[in-house]
Amino acid sequence: MGQREAVLRLDGQWARIRSGDAQAEPGEAERLLGELIGALREPARTDPECAARLGLRLGDLAARRFAAGDRAGALAAIEEGLRHAQQAAGHSPEYARWYARGLINQGVWLAWPLSDAARLPRHPLGEGAEEGPSAMERAAGERARDLTRAAVEVWAGLDQHDPVNRRGLAQAKVFLGDRLAELGFAADAVAWAVDAEGGFRRLLLASPGPEEAQEAEEALDHIGRQLELRLRYLSFDSLAGLRADGLLPERLLPQAVVAARIQGVPEETVAARLGLDAEQVATMLEVTPWRAVWRVEVRGADGLWAVQPAPWQGSAEVRQRTAEEVGAEVVRGFMESPQYPGDSALWRVRLWWHEVGDPAGARFRLVVGPDAPAPTPS
């Protein structure tokens, strides 16, 4: 048996272990993967299939390192793997698909610090946040975005009559939306998510098999949750722009109307710019509540801010009211309460839509007392 055939047989053995069709102890699996990667290096110099498989197996190594908590090691492995994968990508659609998936994985691992434990943006307002990502984290996030955009381009360049490629393209667009959201580009993130949603809906209409249909439904559920989250961070101008471009789904119009109301946009302006009539806007505001969440904090002699107890740390479901109206009511109530620290104290109020988040994401914020900064619009 020649060297190439022996290497490919070893690769097939690893593939069975990876898929669960064959069993191996963790140490044995690790040894086999290392042996396979070493065996692939020489033929990968001139053989596109070996180069593609070396990229794939270095990706497997990266995934194992990442799962073990070694992010730096994972990134080093996937970086090397993608050099080989790119070399082979032009030789076969299958190799191009492997390359595109590797680009997406590298993007996920690079951007990991920008998301919280629930894989939602940790700093959804990007550079506008008071406690945004470090310069290094942001640079990694920007590279992750660019790599994911490259993956979208790879998928888009493949035969779109093949449902595998259509599904891969839709999935890549979901990941690109996630990377953009992490950097604070919420409007762009919504646009890509809506584009991806359309792709998955077309896949469902094409009568896929049960497994593919379930995958598409799960993707649509994920996109739906992400869209609802992202709309909370958009200005009314962004919402109106998405609507004008056909990128604001009908089902999200009530939330967009509420978002505009929270921001204090007049109802007639909402109707005009979202292409609705006045009665539709009034009905949506009547039947669609929003949750206002507020915090009152007083600065102590030590310079630290102390959150006040309920009801000055609380929430309520409200209808047809702006954030400023709800915030002003909290301010009045606190000033009339026994907890009010007096006119010589420094205190502040922040109010969010739905949940406490980044200070820069508060829909209403006010600092009161001596040396308080001049108020800025929320």
# chains A, B, ... in the order shown; residues from 1 in each chain; ligands from 1
>>> residues_around(residues="region 139-143 of chain A", least_positions_apart="6", cutoff="10 Å", atoms="only C-alpha atoms", output="list of chain:residue names")
A:Gln106, A:Gly107, A:Val108, A:Trp109, A:Leu110, A:Ala111, A:Trp112, A:Pro113, A:Leu114, A:Pro133, A:Arg149, A:Arg179, A:Leu180, A:Glu182, A:Leu183
>>> write_last_selection(atoms="N, CA and C atoms", output="PDB file, in the first residue's frame")
ATOM      1  N   GLN A 106     -13.317  29.619  13.221  1.00  0.00           N
ATOM      2  CA  GLN A 106     -12.282  30.544  13.665  1.00  0.00           C
ATOM      3  C   GLN A 106     -12.919  31.856  14.135  1.00  0.00           C
ATOM      4  N   GLY A 107     -13.935  32.310  13.411  1.00  0.00           N
ATOM      5  CA  GLY A 107     -14.623  33.531  13.819  1.00  0.00           C
ATOM      6  C   GLY A 107     -15.295  33.394  15.176  1.00  0.00           C
ATOM      7  N   VAL A 108     -15.936  32.256  15.409  1.00  0.00           N
ATOM      8  CA  VAL A 108     -16.602  32.024  16.701  1.00  0.00           C
ATOM      9  C   VAL A 108     -15.586  32.074  17.836  1.00  0.00           C
ATOM     10  N   TRP A 109     -14.457  31.400  17.659  1.00  0.00           N
ATOM     11  CA  TRP A 109     -13.468  31.332  18.739  1.00  0.00           C
ATOM     12  C   TRP A 109     -12.776  32.671  18.958  1.00  0.00           C
ATOM     13  N   LEU A 110     -12.530  33.404  17.880  1.00  0.00           N
ATOM     14  CA  LEU A 110     -11.935  34.736  18.032  1.00  0.00           C
ATOM     15  C   LEU A 110     -12.866  35.665  18.799  1.00  0.00           C
ATOM     16  N   ALA A 111     -14.162  35.605  18.494  1.00  0.00           N
ATOM     17  CA  ALA A 111     -15.123  36.539  19.079  1.00  0.00           C
ATOM     18  C   ALA A 111     -15.649  36.085  20.430  1.00  0.00           C
ATOM     19  N   TRP A 112     -15.203  34.960  20.934  1.00  0.00           N
ATOM     20  CA  TRP A 112     -15.770  34.372  22.153  1.00  0.00           C
ATOM     21  C   TRP A 112     -15.872  35.355  23.324  1.00  0.00           C
ATOM     22  N   PRO A 113     -14.859  36.179  23.615  1.00  0.00           N
ATOM     23  CA  PRO A 113     -14.983  37.091  24.777  1.00  0.00           C
ATOM     24  C   PRO A 113     -16.046  38.177  24.591  1.00  0.00           C
ATOM     25  N   LEU A 114     -16.554  38.370  23.377  1.00  0.00           N
ATOM     26  CA  LEU A 114     -17.540  39.422  23.129  1.00  0.00           C
ATOM     27  C   LEU A 114     -18.961  38.969  23.433  1.00  0.00           C
ATOM     28  N   PRO A 133     -15.628  46.415  25.055  1.00  0.00           N
ATOM     29  CA  PRO A 133     -14.525  45.451  24.971  1.00  0.00           C
ATOM     30  C   PRO A 133     -13.182  46.160  24.951  1.00  0.00           C
ATOM     31  N   ARG A 149     -17.481  36.939   7.019  1.00  0.00           N
ATOM     32  CA  ARG A 149     -17.915  37.491   5.730  1.00  0.00           C
ATOM     33  C   ARG A 149     -17.256  36.715   4.576  1.00  0.00           C
ATOM     34  N   ARG A 179     -21.713  38.038  14.622  1.00  0.00           N
ATOM     35  CA  ARG A 179     -20.447  38.759  14.751  1.00  0.00           C
ATOM     36  C   ARG A 179     -20.669  40.270  14.679  1.00  0.00           C
ATOM     37  N   LEU A 180     -21.575  40.719  13.834  1.00  0.00           N
ATOM     38  CA  LEU A 180     -21.863  42.151  13.732  1.00  0.00           C
ATOM     39  C   LEU A 180     -22.537  42.664  15.004  1.00  0.00           C
ATOM     40  N   GLU A 182     -22.154  41.569  18.013  1.00  0.00           N
ATOM     41  CA  GLU A 182     -21.157  41.653  19.082  1.00  0.00           C
ATOM     42  C   GLU A 182     -20.342  42.935  19.005  1.00  0.00           C
ATOM     43  N   LEU A 183     -20.196  43.475  17.800  1.00  0.00           N
ATOM     44  CA  LEU A 183     -19.419  44.697  17.614  1.00  0.00           C
ATOM     45  C   LEU A 183     -20.271  45.952  17.707  1.00  0.00           C
TER      46      LEU A 183
END
>>> residues_around(residues="region 343-345 of chain A", least_positions_apart="6", cutoff="12 Å", atoms="only C-alpha atoms", output="list in words")
Glu297, Val298, Arg299, Gly300, Ala301, Gly303, Trp305, Met335, Glu336, Val367, Val368, Gly369, Pro370, Asp371 and Ala372 of chain A
>>> atom_distance(atom1="CA of Glu329 (chain A)", atom2="CA of Leu274 (chain A)")
29.3 Å
>>> residues_around(residues="Leu239 (chain A)", least_positions_apart="6", cutoff="10 Å", atoms="only C-alpha atoms", output="list in words")
Ala187, Val190, Leu231, Tyr233, Asp245, Leu247, Leu248, Leu253, Ala256, Val257, Ala259, Ala260, Val270, Arg273 and Leu274 of chain A
>>> closest_residue(among="A:Pro48, A:Pro163, A:Gly81, A:Gly157", to="Leu61 (chain A)", atoms="only C-alpha atoms")
A:Gly81
>>> atom_distance(atom1="CA of Asp159 (chain A)", atom2="CA of Arg145 (chain A)")
23.8 Å
